[in-house]
$ cat upload_1.tsv   # TSV, C-alpha atoms
chain	number	residue	atom	x	y	z
A	160	MET	CA	6.40	20.76	-1.85
A	161	GLU	CA	8.68	17.95	-2.98
A	162	LEU	CA	6.99	16.14	-5.82
A	163	THR	CA	7.54	12.79	-7.52
A	164	LEU	CA	5.48	11.01	-10.15
A	165	THR	CA	4.66	8.25	-7.67
A	166	ASP	CA	3.40	10.79	-5.13
A	167	PHE	CA	1.32	12.68	-7.66
A	168	PHE	CA	-0.41	9.68	-9.20
A	169	PHE	CA	-0.67	7.34	-6.19
A	170	ASN	CA	-0.49	9.36	-2.95
A	171	ILE	CA	-1.65	12.97	-3.20
A	172	PRO	CA	-5.42	13.32	-2.62
A	173	ILE	CA	-7.63	14.99	-5.20
A	174	TYR	CA	-8.37	18.71	-4.69
A	175	SER	CA	-4.96	19.23	-3.08
A	176	PRO	CA	-3.22	22.06	-4.99
A	177	ILE	CA	0.48	21.58	-5.60
A	178	GLU	CA	2.60	24.69	-6.00
A	179	ILE	CA	4.93	24.31	-8.95
A	180	ASN	CA	8.36	25.79	-8.31
A	181	ALA	CA	11.98	25.42	-9.39
A	182	GLU	CA	12.38	22.23	-7.33
A	183	ASN	CA	9.53	20.31	-8.94
A	184	ILE	CA	9.23	21.91	-12.38
A	185	ASN	CA	10.83	18.87	-14.06
A	186	VAL	CA	8.27	16.50	-12.54
A	187	PHE	CA	5.52	18.92	-13.58
A	188	LYS	CA	6.74	18.77	-17.18
A	189	GLN	CA	6.84	14.96	-17.03
A	190	ILE	CA	3.16	15.00	-16.03
A	191	ILE	CA	1.84	17.34	-18.71
A	192	ASP	CA	4.30	17.17	-21.60
A	193	LYS	CA	4.05	14.14	-23.90
A	194	THR	CA	7.46	14.92	-25.39
A	195	VAL	CA	9.05	13.87	-22.09
A	196	SER	CA	8.99	10.05	-21.66
A	197	SER	CA	8.65	9.26	-17.98
A	198	ASP	CA	8.63	5.90	-16.19
A	199	PHE	CA	8.05	5.36	-12.47
A	200	HIS	CA	7.32	2.58	-10.02
A	201	GLY	CA	3.90	1.82	-8.54
A	202	TYR	CA	1.24	-0.76	-7.69
A	203	ASN	CA	-1.56	-1.99	-9.92
A	204	PRO	CA	-4.48	-2.55	-7.49
A	205	PHE	CA	-6.58	-4.46	-10.03
A	206	GLU	CA	-3.94	-7.01	-10.95
A	207	LYS	CA	-2.34	-6.85	-7.47
A	208	VAL	CA	1.18	-6.54	-8.85
A	209	GLU	CA	4.07	-4.12	-8.49
A	210	SER	CA	4.80	-2.56	-11.84
A	211	THR	CA	6.48	0.18	-13.82
A	212	PHE	CA	4.20	2.87	-15.22
A	213	ARG	CA	4.66	5.31	-18.07
A	214	VAL	CA	3.00	8.69	-18.37
A	215	THR	CA	1.09	8.84	-21.68
A	216	THR	CA	-0.24	12.39	-21.49
A	217	ASN	CA	-1.01	14.25	-24.69
A	218	LEU	CA	-1.67	17.68	-23.22
A	219	ILE	CA	1.31	19.50	-24.67
A	220	PRO	CA	2.49	18.48	-28.12
A	221	THR	CA	5.03	21.33	-28.14
A	222	SER	CA	6.57	23.63	-25.56
A	223	THR	CA	4.65	26.55	-27.09
A	224	SER	CA	1.22	25.04	-26.42
A	225	PRO	CA	-1.31	27.57	-25.04
A	226	TYR	CA	-2.18	25.11	-22.27
A	227	LEU	CA	1.12	25.77	-20.53
A	228	GLU	CA	0.54	29.54	-20.59
A	229	LYS	CA	-3.24	29.77	-20.21
A	230	GLY	CA	-3.89	26.72	-18.07
A	231	GLY	CA	-7.20	24.92	-17.71
A	232	PHE	CA	-8.52	21.38	-17.41
A	233	GLY	CA	-6.83	18.39	-18.97
A	234	THR	CA	-6.61	14.61	-18.87
A	235	VAL	CA	-3.46	12.61	-18.18
A	236	ARG	CA	-3.11	8.84	-18.50
A	237	ILE	CA	-0.56	6.42	-17.11
A	238	ARG	CA	-0.01	2.92	-18.51
A	239	CYS	CA	0.98	-0.16	-16.54
A	240	LYS	CA	3.85	-1.66	-18.53
A	241	ARG	CA	3.18	-5.16	-17.18
A	242	THR	CA	-0.49	-5.31	-18.12
A	243	ASP	CA	-1.07	-2.41	-20.56
A	244	MET	CA	-3.91	-1.17	-18.32
A	245	GLU	CA	-4.41	2.59	-18.34
A	246	PHE	CA	-5.40	4.80	-15.41
A	247	TRP	CA	-6.97	8.22	-15.95
A	248	TYR	CA	-6.42	11.52	-14.15
A	249	HIS	CA	-8.24	14.83	-14.56
A	250	ILE	CA	-6.10	17.82	-13.67
A	251	LEU	CA	-6.38	21.60	-13.39
A	252	TRP	CA	-3.34	23.76	-14.17
A	253	GLN	CA	-3.57	27.37	-12.96
A	254	PRO	CA	-0.53	29.34	-14.16
A	255	ASN	CA	-1.62	32.51	-12.32
A	256	SER	CA	-1.05	30.77	-8.99
A	257	ASN	CA	1.44	28.18	-10.31
A	258	THR	CA	-0.69	25.35	-8.92
A	259	LEU	CA	-1.50	21.92	-10.31
A	260	THR	CA	-4.49	20.06	-8.85
A	261	LYS	CA	-5.93	16.60	-9.42
A	262	ILE	CA	-9.71	17.00	-9.61
A	263	GLY	CA	-10.52	13.37	-10.36
A	264	GLN	CA	-8.88	10.03	-10.98
A	265	TYR	CA	-9.55	6.35	-11.62
A	266	PRO	CA	-8.59	4.30	-9.72
A	267	SER	CA	-8.73	6.41	-6.58
A	268	VAL	CA	-5.88	7.04	-4.17
A	269	ALA	CA	-7.68	4.75	-1.75
A	270	ASP	CA	-7.62	1.91	-4.30
A	271	PHE	CA	-3.84	2.15	-4.46
A	272	HIS	CA	-3.39	1.94	-0.68
A	273	ILE	CA	-6.18	-0.20	0.73
A	274	TYR	CA	-4.39	-3.36	-0.40
A	275	GLU	CA	-1.54	-2.44	1.97
A	276	VAL	CA	-3.93	-2.29	4.91
A	277	LYS	CA	-5.25	-5.81	4.31
A	278	GLN	CA	-1.94	-7.32	5.37
A	279	TYR	CA	-2.73	-6.18	8.93
A	280	ASN	CA	-5.85	-8.33	9.24
A	281	LYS	CA	-4.05	-10.61	11.71
A	282	LEU	CA	-3.23	-7.64	13.95
A	283	LEU	CA	-6.34	-5.48	13.84
A	284	PRO	CA	-9.94	-6.48	14.58
A	285	LYS	CA	-12.27	-6.28	11.60
A	286	GLU	CA	-13.79	-2.96	12.73
A	287	ARG	CA	-10.38	-1.31	13.24
A	288	LEU	CA	-9.29	-2.53	9.80
A	289	LYS	CA	-12.40	-0.94	8.31
A	290	GLU	CA	-11.58	2.31	10.10
A	291	PHE	CA	-8.10	2.31	8.63
A	292	THR	CA	-9.52	1.93	5.12
A	293	ARG	CA	-12.08	4.66	5.88
A	294	ALA	CA	-9.27	7.02	6.86
A	295	ILE	CA	-7.53	6.38	3.54
A	296	GLY	CA	-10.76	6.73	1.60
A	297	LEU	CA	-11.69	10.02	3.27
A	298	ALA	CA	-8.26	11.52	2.67
A	299	ALA	CA	-8.38	10.39	-0.96
A	300	ASN	CA	-11.60	12.36	-1.34
A	301	GLY	CA	-10.34	15.53	0.31
A	302	VAL	CA	-11.68	14.98	3.85
A	303	GLY	CA	-8.77	15.67	6.18
A	304	ILE	CA	-10.26	16.06	9.66
A	305	GLY	CA	-12.40	12.93	9.35
A	306	SER	CA	-9.39	10.92	8.23
A	307	PHE	CA	-7.53	12.01	11.39
A	308	VAL	CA	-10.43	10.73	13.53
A	309	TYR	CA	-10.01	7.20	12.20
A	310	LEU	CA	-6.21	7.25	12.44
A	311	ARG	CA	-6.50	8.27	16.08
A	312	ARG	CA	-8.84	5.35	16.74
A	313	ILE	CA	-6.19	2.96	15.38
A	314	PHE	CA	-3.59	4.57	17.65
A	315	GLU	CA	-5.89	4.29	20.67
A	316	HIS	CA	-6.60	0.64	19.85
A	317	LEU	CA	-2.88	-0.15	19.96
A	318	ILE	CA	-2.57	1.51	23.37
A	319	ASN	CA	-5.62	-0.29	24.77
A	320	GLU	CA	-4.35	-3.61	23.42
A	321	ALA	CA	-1.03	-3.07	25.23
A	322	TYR	CA	-2.91	-2.05	28.40
A	323	GLU	CA	-4.94	-5.26	28.42
A	324	LEU	CA	-1.73	-7.25	28.11
A	325	GLY	CA	-0.18	-5.29	30.97
A	326	ILE	CA	-3.21	-5.92	33.16
A	327	LYS	CA	-3.15	-9.61	32.31
A	328	GLU	CA	0.50	-9.88	33.30
A	329	ASN	CA	-0.07	-7.68	36.38
A	330	THR	CA	2.63	-5.18	35.39
A	331	VAL	CA	0.36	-2.14	35.05
A	332	SER	CA	-1.86	-0.49	37.63
A	333	GLU	CA	-5.36	0.30	36.40
A	334	ALA	CA	-5.49	3.39	38.62
A	335	ASP	CA	-2.18	4.72	37.28
A	336	PHE	CA	-3.22	4.07	33.70
A	337	GLN	CA	-6.66	5.67	33.92
A	338	LYS	CA	-5.43	8.93	35.44
A	339	ALA	CA	-2.43	9.31	33.12
A	340	ARG	CA	-2.26	11.44	29.99
A	341	MET	CA	-1.48	9.63	26.74
A	342	ASP	CA	2.28	10.31	26.88
A	343	ALA	CA	2.43	8.84	30.38
A	344	LYS	CA	0.28	5.86	29.36
A	345	ILE	CA	2.74	5.07	26.59
A	346	GLU	CA	5.62	5.20	29.06
A	347	LEU	CA	3.76	2.82	31.38
A	348	LEU	CA	3.21	0.40	28.50
A	349	LYS	CA	6.41	0.83	26.51
A	350	VAL	CA	7.57	-2.77	26.99
A	351	TYR	CA	4.41	-3.89	25.15
A	352	LEU	CA	4.53	-1.29	22.38
A	353	PRO	CA	6.55	-1.05	19.15
A	354	ASP	CA	9.68	1.09	19.49
A	355	PHE	CA	8.58	3.48	16.75
A	356	LEU	CA	5.37	4.30	18.62
A	357	VAL	CA	7.21	4.92	21.89
A	358	GLU	CA	9.80	7.10	20.16
A	359	ASN	CA	7.08	9.08	18.37
A	360	LYS	CA	4.41	9.29	21.04
A	361	SER	CA	3.68	12.89	19.99
A	362	MET	CA	1.69	11.43	17.10
A	363	TYR	CA	-1.35	11.23	19.36
A	364	SER	CA	-1.30	14.92	20.23
A	365	ILE	CA	-0.87	15.77	16.53
A	366	LEU	CA	-3.89	13.62	15.62
A	367	SER	CA	-5.92	15.21	18.40
A	368	LEU	CA	-4.87	18.69	17.30
A	369	GLY	CA	-5.98	17.86	13.79
A	370	ILE	CA	-9.43	16.84	15.00
A	371	HIS	CA	-9.99	19.86	17.27
A	372	GLU	CA	-8.01	22.75	15.79
A	373	LEU	CA	-6.46	22.20	12.36
A	374	ASP	CA	-8.33	22.89	9.13
A	375	GLU	CA	-9.06	20.41	6.33
A	376	LYS	CA	-6.19	21.62	4.17
A	377	THR	CA	-3.58	21.19	6.90
A	378	CYS	CA	-4.89	17.75	7.85
A	379	LEU	CA	-4.83	16.61	4.24
A	380	ALA	CA	-1.30	17.92	3.73
A	381	ASN	CA	-0.10	15.84	6.67
A	382	PHE	CA	-2.30	12.76	6.38
A	383	ASP	CA	0.18	10.69	4.40
A	384	THR	CA	2.94	11.27	6.95
A	385	LEU	CA	0.74	10.03	9.79
A	386	ARG	CA	-0.66	7.12	7.77
A	387	VAL	CA	2.85	5.91	7.00
A	388	ALA	CA	3.79	6.31	10.68
A	389	ILE	CA	0.84	4.10	11.70
A	390	GLU	CA	1.89	1.54	9.08
A	391	ILE	CA	5.46	1.50	10.42
A	392	ILE	CA	4.07	0.75	13.89
A	393	LEU	CA	1.92	-2.04	12.48
A	394	ASP	CA	4.84	-3.34	10.43
A	395	GLU	CA	6.84	-3.71	13.65
A	396	LYS	CA	4.00	-5.65	15.23
A	397	LEU	CA	3.58	-7.74	12.08
A	398	ASP	CA	7.28	-8.65	12.05
A	399	GLU	CA	7.03	-9.77	15.68
A	400	PHE	CA	3.83	-11.71	14.95
A	401	ARG	CA	5.48	-13.55	12.06
A	402	LYS	CA	8.54	-14.26	14.20
A	403	GLN	CA	6.40	-15.80	16.93
A	404	GLU	CA	4.51	-17.84	14.34
A	405	LYS	CA	7.81	-19.22	13.03
A	406	ILE	CA	8.96	-20.01	16.56
A	407	LYS	CA	5.72	-21.90	17.28
A	408	ALA	CA	6.00	-23.85	14.02
A	409	ALA	CA	9.67	-24.66	14.65
A	410	LYS	CA	8.97	-25.85	18.21
A	411	LYS	CA	6.16	-28.07	16.98
A	412	LYS	CA	8.40	-29.65	14.36
A	413	LEU	CA	11.28	-30.05	16.83
A	414	ASP	CA	8.95	-31.76	19.32
A	415	ALA	CA	7.78	-34.11	16.58
A	416	LEU	CA	11.39	-34.80	15.61
A	417	LYS	CA	12.30	-35.56	19.24
A	418	GLY	CA	9.39	-38.00	19.40
A	419	THR	CA	10.54	-39.70	16.22
A	420	ILE	CA	14.13	-40.02	17.50
A	421	LYS	CA	12.92	-41.35	20.86
A	422	LYS	CA	10.76	-43.94	19.12
A	423	TYR	CA	13.65	-44.87	16.83
A	424	ARG	CA	16.01	-45.42	19.77
A	425	SER	CA	13.47	-47.49	21.66
A	426	ASN	CA	13.28	-49.88	18.69
A	427	LEU	CA	17.01	-50.42	18.58
$ encode --input "upload_1.tsv" --output "structure tokens"
Amino acid sequence: MELTLTDFFFNIPIYSPIEINAENINVFKQIIDKTVSSDFHGYNPFEKVESTFRVTTNLIPTSTSPYLEKGGFGTVRIRCKRTDMEFWYHILWQPNSNTLTKIGQYPSVADFHIYEVKQYNKLLPKERLKEFTRAIGLAANGVGIGSFVYLRRIFEHLINEAYELGIKENTVSEADFQKARMDAKIELLKVYLPDFLVENKSMYSILSLGIHELDEKTCLANFDTLRVAIEIILDEKLDEFRKQEKIKAAKKKLDALKGTIKKYRSNL
């Protein structure tokens, strides 16, 4: 798989083996070899700031270290260059299978991503927001199928929200909606849905497949892709929400300005 330092430390769940190959061997060395100074970008969830991090591992003092050849458990640290805080990672290197696995970390993957979800509190009801954070937390702890369940609930909420708007505006038939499959429902509601969701309606069938047929490993391997897709959909809605908020505020101020001008003219 393609590997970056940001992905390894902030995105990839624990207990997810990463095959080390010619394409990612340099990143692998940056993780375990202290002789390679490596900086990368990330988010400090405790200080709530974007920052640059540096790998401060001390696993391999030289390229001839037995750890590289024999493998085993080790500890890697990364340091936030803005705050000097250190985060800890426990890893397992298995040279026989060429796999590197995180087996523990602090803070968790969920800690790094839950802050992103909180920005959607104006779009999602409290319970749906909790389900989104549960999905991230489950995936961070190696539970793939369960994480898909909660992502699918977020997807279904967005569809139902659009349906209620369509019913309110009398542009959607309840009978047509109830008998339609999800793809057809999305087509019926596309004027109320973000473009990215409409263009990628197959997400729902993928989430459903994950719940009913795929194994934990496959779900975990694909969780991040689907999480990001859900966030893109929510980002579209958030942009529209903020636009409408600005329009409302501007109209209010313009109305007040008109009143002021009218009053000024009447006093002339």
$ closest_residue --input "upload_1.tsv" --among "A:Ile179, A:Met244, A:Val214, A:Leu259" --to "Val195 in chain A" --atoms "all atoms listed in the file"
A:Val214
$ closest_residue --input "upload_1.tsv" --among "A:Arg424, A:Arg236, A:Lys396, A:Arg287" --to "Glu315 in chain A" --atoms "all atoms listed in the file"
A:Arg287
$ closest_residue --input "upload_1.tsv" --among "A:Arg340, A:Phe169, A:Val235, A:Thr419" --to "Ile273 in chain A" --atoms "all atoms listed in the file"
A:Phe169
$ closest_residue --input "upload_1.tsv" --among "A:Thr330, A:Asn426, A:Ser306, A:Gln403" --to "Val350 in chain A" --atoms "only C-alpha atoms"
A:Thr330
$ atom_distance --input "upload_1.tsv" --atom1 "CA of Leu348 in chain A" --atom2 "CA of Asn381 in chain A"
26.9 Å
$ closest_residue --input "upload_1.tsv" --among "A:Trp252, A:Lys281, A:Leu379, A:Arg241" --to "Glu404 in chain A" --atoms "only C-alpha atoms"
A:Lys281
